[in-house]
Amino acid sequence: MVKFAVIVFPGTNCDFETVEAIKRAGGEAERVWYKQSVKDYDGVVIPGGFSYADYLRAGAIAARQKVMEEIRELAEEGRPILGICNGFQILTEANLLPGALRPNKIPRFLCKWVHLKVVDVETPFTYLYEEGEVVRMPIAHAEGNYYIDNPSKVRIVFQYSDEKGSITEEANPNGSVLNIAGVTNKQGNVLGMMPHPERASDRFLGSEDGLKVFKSIVEWMKK
Amino acid sequence: MFPQEEKLIRERLGREPNDVERAMLEVMWSEHVSYKSSRKWLKLLPTKNEHVVLGPGEDAGIIKFDDKTWIVIGIESHNHPSAVEPYGGAATGVGGIVRDILCMGARPIALLDPIRFGPLEKEKNRYLFEYVVKGISDYGNRIGVPTVGGETEFDESLDNYTLVNVACVGIMKPEHLVHSYVTEPGLKLIIVGNRTGRDGIHGVTFASEELSENAEEEDRSAVQIPDPFTEKLLIEATLEAVYTGKVRALKDLGGGGLTCAASEMVGKRGFGAIIYADKVLLREPGMTPLEVMISESQERMLFAVRPEDVEELARIFEKYELEWSVVGEVIEEPKFIVYWKGSKVAELPIDLLTEVPTIEWPMKEYKIEEEVGIPRISLQEAFEKVWRSPNIVAKRWIWEQYDHEVQGRTVVKPGFDSAVLKINEEYGIAITADGNPNHCYLNPYHGAMGLVAEVVRNLVSVGAKPLALVDNLNFASPERPEVYWSFAETVKGLADAAKAFNLAYVSGNVSFYNEIVDKPIKPTPVVAGVGKVKLSKIPKGPNKGDVVTLVGETKRELGGSELYRVLGIRKGIAPRVNLEVERKNAESILRLINASLVSFVHDLSRGGLLVALAEVAALFNVGMEVTIKTDMNPVEFAFSESHGRYLVVLPERKLEEAREITDLKVIGRIIGSNSFSVKINDEVLLWNLDKLKDVYWNTLYRLMD
């Protein structure tokens with residue numbers, strides 16, 4: 001069985017539903033308080049929320065906790081690391097992913113459903129998607145405006161698009177470079193994404209498109 | 001406190017209370033804490049039915065959802081603080097009601113925010129609106145409790161003021177119930193969470209008076225400081241502590257601070273307490289015992305635990321990096337004793353704090369209802385005005401700022417009649433909140449009945465069977481005879497309507513003295529309701545070719561309507577509720593939905609039929625063609641706010657079967673083209689669908705950004 005640690009920092013608030021989504025996808029998952037070790041897990045998910053209340057900068061304090069060193073080692077071993085929303089912010093603050101998440105172009109919190117185009121299906125997180133597939137997931141953040149000086153440093157995985165898959169300015173909810181919604185490192189085993197796949201993993205909640213992220217990792221790990 | 005109350009206290013005490021005692025008594029005898037002007041009337045409300053596990057009397061009410069699940073619900077107002085400091089006032093309102101739910105042993109899963117302001121044309125009102133929303137957003141989002149609904153209203157009568165009510169819903173297992181009172185002496189009292197500071201001193205006494213012109217400067221220190229980060233940790237730590245089974249009683253420190261929480265916790269079953277006020281962890285030096293006892297610093301919980309369990313629970317608090325200290329103990333003797341550095345600074349009989357005599361104010365009936373002629377205005381013109389009203393347009397500008405998806409339960413999102421939250425793989429709860437001060441102002445009794453009717457309509461429209469209600473009664477000073485009369489009428493209306501639906505009020509809140517510089521607010525009761533819904537039965541939305549039908553009778557009832565409001569007409573006769581018809585129609589709607597006969601149901605309320613039709617078009621991006629023949633004036637028919645009515649959209653082939661359940665009048669059809677056309681007798685309204693949607697979805701952004 002593939003077993004994930006879902007890290008809980010003080011202020012994390014998407015941990016329960018993320019565990020639920022991984023289980024739905026056929027994996028195992030446990031909430032792990034940030035002071036515990038994650039060494040024995042097959043992969044790590046850093047879920048959304050407001051770790052340390054976004055004090056200093058979103059993700060900045062969590063990125064400097066000891067558990068992040070362990071996560072860095074796991075990442076170097078090639079194990080899958082997924083950061084969702086605040087988790088993505090933490091991954092950039094910890095330099096596990098390049099770039100930064102700036103305040104939204106309209107500088108306030110924005111919770112809405114968006115369309116995403118899946119542009120890289122060679123990663124452990126996306127290999128069950130079709131290339132160019134358009135999916136629906138919700139976003140919920142105030143700092144999701146991804147900036148990177150040289151986009152060739154990352155692999156772009158998800159881009160905000162319209163429902164037909166066109167990458168337009170109108171479809172970009174936060175002003176991110178190239179409509180980026182999610183990127184991985186070059187190796188493809190560390191994914192950061194602003195949309196919440198765990199909130200799109202249940203037929204009653206508006207979409208099951210996000211469940212494929214978790215199914216992909218679980219299946220990939222079994223290979 | 002009033003002079004006669006001070007006299008009574010002196011008599012019962014046999015001496016003058018000292019300063020600390022006086023401050024504690026002032027807090028406990030305040031209207032906000034004691035409900036002294038309202039208690040007598042609130043007894044009229046039904047509080048029991050087969051769904052109720054725990055009615056009013058503790059921090060929140062509990063309803064049975066199924067054998068393994070209870071639903072906890074409460075509602076609170078934070079009007080005075082929000083009017084003075086909208087961001088902190090609204091945020092701490094959220095924090096307070098969340099802790100009320102938490103202290104029953106439940107996980108908070110949703111918030112509803114009914115909020116009211118003056119017209120947005122004025123900068124001050126826009127400021128209050130923007131920062132109330134931001135306060136709710138920053139707090140609710142950070143603690144990870146989705147804000148899934150509420151309502152927002154703008155009315156001239158609230159110029160420079162705001163009414164901020166917050167309802168919270170929680171979920172729990174029966175075995176985790178913790179009461180807010182102790183049943184044994186010897187327990188240790190522990191405060192967990194934030195340190196105690198000088199914020200919120202005299203918060204409840206300030207909330208029990210009218211605001212003066214200079215309230216913004218004078219009363220800022222009475223508003224508490226929000227800290228959602230600590231609240232989130234407190235939620236997790238408290239639940240983990242509750243799951244040990246070792247918490248004997250639990251209350252949050254809210255209005256009235258430690259004095260209120262501790263005295264109510266021990267006094268309810270006749271015990272007493274010794275408080276060592278100097279053991280309370282403080283945020284700033286130099287605080288006096290008086291300040292410590294009545295500070296309303298937020299994010300603090302009061303636990304009662306057996307001495308041998310203190311250590312185990314302390315380990316949980318420390319895991320979450322929360323500070324805690326033992327501040328006192330429960331004693332057999334019914335006294336409330338406060339020590340400060342070894343000397344006794346207060347000693348009062350517990351019942352002097354917790355049993356406050358009721359007050360009955362003089363009443364004076366008012367009659368302002370009178371017939372008004374039908375306004376001379378075309379259907380086109382009238383719709384143009386009403387459809388652009390901030391009371392009618394979509395509130396997306398607000399709910400986009402709320403994380404309404406966190407926790408992964410939100411099945412029906414904001415913007416519909418009720419929000420629905422998933423509870424298990426088969427069932428969910430529907431929740432909604434409604435107020436209508438314009439109806440209530442014209443006729444408090446029928447206005448109040450109308451709210452209950454509307455709550456029921458909103459619940460059944462998504463397929464939910466109503467389970468229970470909570471009420472938040474926002475009024476001006478009870479010392480005004482007309483206001484006190486309208487309060488009593490309101491409670492009678494709420495009671496009669498709930499009884500007709502066999503519904504009970506499981507919790508509630510009263511907020512008096514809502515006036516600024518001698519300008520009283522309209523009677524503004526708000527009712528929130530919760531229902532149980534089978535997730536697979538929720539109507540999904542209209543389809544092209546469906547017929548649009550109307551259930552219920554439209555009467556000549558424009559009094560208090562949105563049309564009258566936008567036209568500046570303040571008179572009229574409030575719509576009447578026919579409880580028998582209302583109940584029958586609600587049952588029929590549930591039967592239609594459960595038989596899977598309908599595509600969509602929408603209740604008719606503010607703005608009447610025409611607004612309801614346009615909302616369906618705008619919400620689902622569908623064209624519509626409607627033709628109505630009536631004996632009434634077309635404008636009156638289109639905007640009447642008669643109760644008991646629903647729009648039901650369904651496939652034509654199911655019409656016959658549906659008509660075996662209830663009478664559906666076909667009035668139109670969902671069409672593929674990009675137009676919204678309504679013909680009533682000879683009057684025609686024709687709008688392009690894109691324009692209709694643009695006004696609906698974007699008006700609030702244009703007003704605010």
# chains A, B, ... in the order shown; residues from 1 in each chain; ligands from 1
call {"tool": "interface_residues", "arguments": {"of": "chain A", "to": "chain B", "cutoff": "8 Å", "atoms": "only C-alpha atoms", "output": "ChimeraX atom specification"}}
result
/A:10-11,13-14,16-17,49-50,52-53,108-112,138,140,198-199,204-206
call {"tool": "residues_around", "arguments": {"residues": "Ser166 (chain A)", "least_positions_apart": "2", "cutoff": "12 Å", "atoms": "only C-alpha atoms", "output": "compact mmCIF listing (two decimals) with N, CA, C and O atoms, in the first residue's frame"}}
result
# COMPACT_ATOMS: atom_id res chain seq x y z
N HIS A 115 -11.08 26.81 -14.75
CA HIS A 115 -10.69 25.75 -15.69
C HIS A 115 -9.17 25.70 -15.77
O HIS A 115 -8.50 26.74 -15.72
N LEU A 116 -8.64 24.50 -15.91
CA LEU A 116 -7.20 24.31 -16.01
C LEU A 116 -6.92 23.43 -17.22
O LEU A 116 -7.66 22.49 -17.49
N LYS A 117 -5.82 23.76 -17.89
CA LYS A 117 -5.38 22.89 -18.99
C LYS A 117 -4.20 22.08 -18.46
O LYS A 117 -3.27 22.65 -17.86
N VAL A 118 -4.26 20.77 -18.64
CA VAL A 118 -3.16 19.92 -18.19
C VAL A 118 -2.15 19.85 -19.33
O VAL A 118 -2.45 19.30 -20.39
N VAL A 119 -0.96 20.43 -19.11
CA VAL A 119 -0.03 20.54 -20.24
C VAL A 119 1.16 19.57 -20.15
O VAL A 119 1.87 19.39 -21.12
N GLY A 132 -3.43 18.10 -22.72
CA GLY A 132 -4.32 19.16 -23.21
C GLY A 132 -5.72 19.09 -22.63
O GLY A 132 -6.59 19.91 -22.95
N GLU A 133 -5.97 18.12 -21.76
CA GLU A 133 -7.29 17.98 -21.13
C GLU A 133 -7.64 19.24 -20.33
O GLU A 133 -6.78 19.84 -19.69
N VAL A 134 -8.90 19.65 -20.40
CA VAL A 134 -9.34 20.80 -19.62
C VAL A 134 -10.15 20.28 -18.42
O VAL A 134 -11.08 19.50 -18.59
N GLN A 159 -2.18 25.09 -16.41
CA GLN A 159 -2.34 26.51 -16.74
C GLN A 159 -3.81 26.88 -16.67
O GLN A 159 -4.68 26.10 -17.09
N TYR A 160 -4.09 28.09 -16.15
CA TYR A 160 -5.48 28.58 -16.15
C TYR A 160 -5.91 28.79 -17.60
O TYR A 160 -5.17 29.39 -18.38
N SER A 161 -7.08 28.30 -17.93
CA SER A 161 -7.55 28.43 -19.31
C SER A 161 -9.05 28.70 -19.30
O SER A 161 -9.70 28.67 -18.25
N ASP A 162 -9.61 28.96 -20.49
CA ASP A 162 -11.07 29.00 -20.56
C ASP A 162 -11.57 27.56 -20.72
O ASP A 162 -10.78 26.62 -20.77
N GLU A 163 -12.87 27.40 -20.83
CA GLU A 163 -13.39 26.03 -20.83
C GLU A 163 -13.01 25.24 -22.07
O GLU A 163 -13.12 24.01 -22.07
N LYS A 164 -12.54 25.96 -23.09
CA LYS A 164 -12.12 25.26 -24.31
C LYS A 164 -10.62 24.97 -24.31
O LYS A 164 -10.11 24.35 -25.23
N THR A 168 -5.98 32.40 -21.90
CA THR A 168 -6.28 33.83 -22.10
C THR A 168 -6.05 34.60 -20.82
O THR A 168 -6.04 34.03 -19.72
N GLU A 169 -5.90 35.91 -20.99
CA GLU A 169 -5.71 36.76 -19.82
C GLU A 169 -6.97 36.74 -18.95
O GLU A 169 -6.90 36.76 -17.73
N GLU A 170 -8.12 36.71 -19.61
CA GLU A 170 -9.39 36.68 -18.87
C GLU A 170 -9.52 35.46 -17.98
O GLU A 170 -10.16 35.51 -16.94
N ALA A 171 -8.91 34.35 -18.43
CA ALA A 171 -9.04 33.10 -17.67
C ALA A 171 -8.05 33.04 -16.51
O ALA A 171 -8.07 32.11 -15.71
N ASN A 172 -7.17 34.04 -16.44
CA ASN A 172 -6.14 34.03 -15.39
C ASN A 172 -6.66 34.76 -14.14
O ASN A 172 -6.83 35.98 -14.15
N LEU A 178 2.44 33.40 -17.50
CA LEU A 178 2.01 32.35 -18.44
C LEU A 178 0.77 31.58 -17.95
O LEU A 178 0.60 30.40 -18.27
N ASN A 179 -0.06 32.23 -17.14
CA ASN A 179 -1.27 31.58 -16.58
C ASN A 179 -0.92 30.32 -15.77
O ASN A 179 -1.73 29.40 -15.67
call {"tool": "select_by_dssp", "arguments": {"residues": "region 277-383 of chain B", "states": "strand (DSSP E)", "output": "ChimeraX atom specification"}}
result
/B:300-305,324-331,335-340,343-349
call {"tool": "residues_around", "arguments": {"residues": "region 336-351 of chain B", "least_positions_apart": "3", "cutoff": "6 Å", "atoms": "only C-alpha atoms", "output": "PyMOL selection string"}}
result
chain B and resi 21+267+272-278+354-355
call {"tool": "residues_around", "arguments": {"residues": "Phe9 (chain A)", "least_positions_apart": "3", "cutoff": "10 Å", "atoms": "only C-alpha atoms", "output": "list in words"}}
result
Val6, Thr12, Asn13, Asp15, Val32, Trp33, Tyr34, Lys35, Ile46, Pro47, Gly48, Gly49, Phe50, Ser51, Tyr52, Ile61, Ala62, Gln65 and Val67 of chain A; Leu233 and Tyr320 of chain B
call {"tool": "residues_around", "arguments": {"residues": "region 632-637 of chain B", "least_positions_apart": "2", "cutoff": "6 Å", "atoms": "only C-alpha atoms", "output": "ChimeraX atom specification"}}
result
/B:379,630,639-640,680
call {"tool": "write_last_selection", "arguments": {"atoms": "N, CA, C and O atoms", "output": "mmCIF file, in the first residue's frame"}}
result
data_model
loop_
_atom_site.group_PDB
_atom_site.id
_atom_site.type_symbol
_atom_site.label_atom_id
_atom_site.label_comp_id
_atom_site.auth_asym_id
_atom_site.auth_seq_id
_atom_site.Cartn_x
_atom_site.Cartn_y
_atom_site.Cartn_z
ATOM 1 N N LEU B 379 -43.671 48.141 -16.584
ATOM 2 C CA LEU B 379 -42.980 46.923 -16.178
ATOM 3 C C LEU B 379 -41.480 47.054 -16.468
ATOM 4 O O LEU B 379 -40.632 46.704 -15.642
ATOM 5 N N THR B 630 -53.502 37.860 -16.065
ATOM 6 C CA THR B 630 -53.950 38.035 -14.684
ATOM 7 C C THR B 630 -54.961 39.174 -14.585
ATOM 8 O O THR B 630 -54.964 40.089 -15.421
ATOM 9 N N PHE B 639 -44.168 42.165 -9.057
ATOM 10 C CA PHE B 639 -43.302 42.503 -7.913
ATOM 11 C C PHE B 639 -43.921 42.244 -6.544
ATOM 12 O O PHE B 639 -43.293 42.515 -5.524
ATOM 13 N N SER B 640 -45.148 41.763 -6.528
ATOM 14 C CA SER B 640 -45.772 41.421 -5.244
ATOM 15 C C SER B 640 -44.894 40.416 -4.500
ATOM 16 O O SER B 640 -44.288 39.543 -5.110
ATOM 17 N N ILE B 680 -46.891 40.207 -19.342
ATOM 18 C CA ILE B 680 -47.985 40.102 -18.376
ATOM 19 C C ILE B 680 -49.124 40.951 -18.916
ATOM 20 O O ILE B 680 -48.974 42.172 -19.072
#
call {"tool": "select_by_dssp", "arguments": {"residues": "region 1-166 of chain A", "states": "alpha helix (DSSP H)", "output": "NGL selection string"}}
result
:A and (15-24 or 67-76 or 86-93)
call {"tool": "residues_around", "arguments": {"residues": "region 508-518 of chain B", "least_positions_apart": "4", "cutoff": "6 Å", "atoms": "only C-alpha atoms", "output": "VMD selection string"}}
result
chain B and resid 75 to 76 208 to 213 470 to 477
call {"tool": "write_last_selection", "arguments": {"atoms": "N, CA, C and O atoms", "output": "short mmCIF file (atom, residue, chain, number, x, y, z; two decimals), in the first residue's frame"}}
result
data_model
loop_
_atom_site.label_atom_id
_atom_site.label_comp_id
_atom_site.auth_asym_id
_atom_site.auth_seq_id
_atom_site.Cartn_x
_atom_site.Cartn_y
_atom_site.Cartn_z
N ILE B 75 -26.35 31.20 16.78
CA ILE B 75 -26.30 32.46 16.03
C ILE B 75 -25.98 33.59 17.01
O ILE B 75 -26.34 33.51 18.18
N GLU B 76 -25.27 34.58 16.53
CA GLU B 76 -24.85 35.66 17.41
C GLU B 76 -24.80 36.97 16.63
O GLU B 76 -24.60 36.97 15.43
N SER B 208 -24.98 47.12 25.27
CA SER B 208 -26.30 47.25 25.88
C SER B 208 -26.71 48.72 25.99
O SER B 208 -27.51 49.09 26.82
N GLU B 209 -26.08 49.54 25.16
CA GLU B 209 -26.42 50.97 25.12
C GLU B 209 -26.46 51.42 23.68
O GLU B 209 -25.85 50.82 22.80
N GLU B 210 -27.12 52.57 23.45
CA GLU B 210 -27.12 53.15 22.11
C GLU B 210 -25.74 53.74 21.84
O GLU B 210 -25.04 54.14 22.77
N LEU B 211 -25.37 53.82 20.55
CA LEU B 211 -24.08 54.43 20.22
C LEU B 211 -24.23 55.95 20.11
O LEU B 211 -25.22 56.45 19.61
N SER B 212 -23.20 56.65 20.58
CA SER B 212 -23.22 58.10 20.47
C SER B 212 -22.55 58.51 19.18
O SER B 212 -21.99 57.70 18.44
N GLU B 213 -22.55 59.79 18.92
CA GLU B 213 -21.96 60.32 17.70
C GLU B 213 -20.47 60.02 17.62
O GLU B 213 -19.92 59.78 16.56
N VAL B 470 -32.93 28.81 14.41
CA VAL B 470 -32.36 29.69 15.43
C VAL B 470 -32.76 31.12 15.07
O VAL B 470 -33.03 31.41 13.91
N ASP B 471 -32.82 31.99 16.07
CA ASP B 471 -33.28 33.34 15.80
C ASP B 471 -32.32 34.37 16.38
O ASP B 471 -31.73 34.16 17.43
N ASN B 472 -32.17 35.47 15.66
CA ASN B 472 -31.35 36.57 16.15
C ASN B 472 -32.20 37.83 16.05
O ASN B 472 -32.57 38.25 14.97
N LEU B 473 -32.53 38.40 17.20
CA LEU B 473 -33.49 39.50 17.23
C LEU B 473 -32.76 40.82 17.43
O LEU B 473 -32.30 41.13 18.53
N ASN B 474 -32.63 41.58 16.34
CA ASN B 474 -31.94 42.87 16.38
C ASN B 474 -32.97 43.98 16.50
O ASN B 474 -33.79 44.17 15.60
N PHE B 475 -32.92 44.70 17.59
CA PHE B 475 -33.90 45.76 17.84
C PHE B 475 -33.22 47.00 18.39
O PHE B 475 -32.09 46.96 18.84
N ALA B 476 -33.97 48.10 18.38
CA ALA B 476 -33.51 49.34 19.00
C ALA B 476 -33.72 49.22 20.51
O ALA B 476 -33.88 48.12 21.04
N SER B 477 -33.74 50.33 21.21
CA SER B 477 -33.84 50.30 22.67
C SER B 477 -35.19 49.78 23.15
O SER B 477 -36.24 50.28 22.72
#
call {"tool": "atom_distance", "arguments": {"atom1": "CA of Gln89 (chain A)", "atom2": "CA of Asp54 (chain A)"}}
result
10.0 Å
call {"tool": "residues_around", "arguments": {"residues": "Ile84 (chain A)", "least_positions_apart": "3", "cutoff": "7 Å", "atoms": "only C-alpha atoms", "output": "ChimeraX atom specification"}}
result
/A:46-48,87-88,192-196
call {"tool": "write_last_selection", "arguments": {"atoms": "N, CA, C and O atoms", "output": "PDB file, in the first residue's frame"}}
result
ATOM      1  N   ILE A  46       1.784  18.561   1.271  1.00  0.00           N
ATOM      2  CA  ILE A  46       1.659  19.745   2.132  1.00  0.00           C
ATOM      3  C   ILE A  46       0.355  20.418   1.719  1.00  0.00           C
ATOM      4  O   ILE A  46       0.267  20.994   0.632  1.00  0.00           O
ATOM      5  N   PRO A  47      -0.663  20.307   2.567  1.00  0.00           N
ATOM      6  CA  PRO A  47      -1.985  20.774   2.155  1.00  0.00           C
ATOM      7  C   PRO A  47      -2.154  22.280   2.332  1.00  0.00           C
ATOM      8  O   PRO A  47      -1.249  22.966   2.823  1.00  0.00           O
ATOM      9  N   GLY A  48      -3.327  22.771   1.960  1.00  0.00           N
ATOM     10  CA  GLY A  48      -3.614  24.200   2.020  1.00  0.00           C
ATOM     11  C   GLY A  48      -3.931  24.687   3.420  1.00  0.00           C
ATOM     12  O   GLY A  48      -4.037  23.905   4.361  1.00  0.00           O
ATOM     13  N   GLY A  87       0.628  24.978   0.529  1.00  0.00           N
ATOM     14  CA  GLY A  87       1.711  24.008   0.354  1.00  0.00           C
ATOM     15  C   GLY A  87       2.649  24.411  -0.775  1.00  0.00           C
ATOM     16  O   GLY A  87       3.872  24.245  -0.687  1.00  0.00           O
ATOM     17  N   PHE A  88       2.083  24.946  -1.853  1.00  0.00           N
ATOM     18  CA  PHE A  88       2.879  25.458  -2.982  1.00  0.00           C
ATOM     19  C   PHE A  88       3.710  26.647  -2.499  1.00  0.00           C
ATOM     20  O   PHE A  88       4.910  26.745  -2.767  1.00  0.00           O
ATOM     21  N   GLY A 192       3.932  21.835  -7.192  1.00  0.00           N
ATOM     22  CA  GLY A 192       3.210  22.858  -6.440  1.00  0.00           C
ATOM     23  C   GLY A 192       2.061  23.348  -7.284  1.00  0.00           C
ATOM     24  O   GLY A 192       2.231  23.592  -8.481  1.00  0.00           O
ATOM     25  N   MET A 193       0.873  23.448  -6.697  1.00  0.00           N
ATOM     26  CA  MET A 193      -0.281  23.944  -7.460  1.00  0.00           C
ATOM     27  C   MET A 193      -1.186  24.782  -6.578  1.00  0.00           C
ATOM     28  O   MET A 193      -1.366  24.482  -5.399  1.00  0.00           O
ATOM     29  N   MET A 194      -1.721  25.869  -7.134  1.00  0.00           N
ATOM     30  CA  MET A 194      -2.642  26.705  -6.368  1.00  0.00           C
ATOM     31  C   MET A 194      -4.053  26.125  -6.305  1.00  0.00           C
ATOM     32  O   MET A 194      -4.693  26.194  -5.266  1.00  0.00           O
ATOM     33  N   PRO A 195      -4.605  25.552  -7.381  1.00  0.00           N
ATOM     34  CA  PRO A 195      -5.959  24.973  -7.279  1.00  0.00           C
ATOM     35  C   PRO A 195      -5.996  23.795  -6.307  1.00  0.00           C
ATOM     36  O   PRO A 195      -4.961  23.178  -6.023  1.00  0.00           O
ATOM     37  N   HIS A 196      -7.193  23.517  -5.818  1.00  0.00           N
ATOM     38  CA  HIS A 196      -7.365  22.474  -4.803  1.00  0.00           C
ATOM     39  C   HIS A 196      -7.943  21.198  -5.407  1.00  0.00           C
ATOM     40  O   HIS A 196      -9.168  21.068  -5.511  1.00  0.00           O
TER      41      HIS A 196
END
call {"tool": "atom_distance", "arguments": {"atom1": "CA of Phe2 (chain B)", "atom2": "CA of Glu360 (chain B)"}}
result
13.0 Å
call {"tool": "atom_distance", "arguments": {"atom1": "CA of Thr699 (chain B)", "atom2": "CA of Ser389 (chain B)"}}
result
8.7 Å
call {"tool": "closest_residue", "arguments": {"among": "B:Tyr35, B:Phe206, B:Phe317, B:Tyr243", "to": "Glu175 (chain B)", "atoms": "only C-alpha atoms"}}
result
B:Tyr243
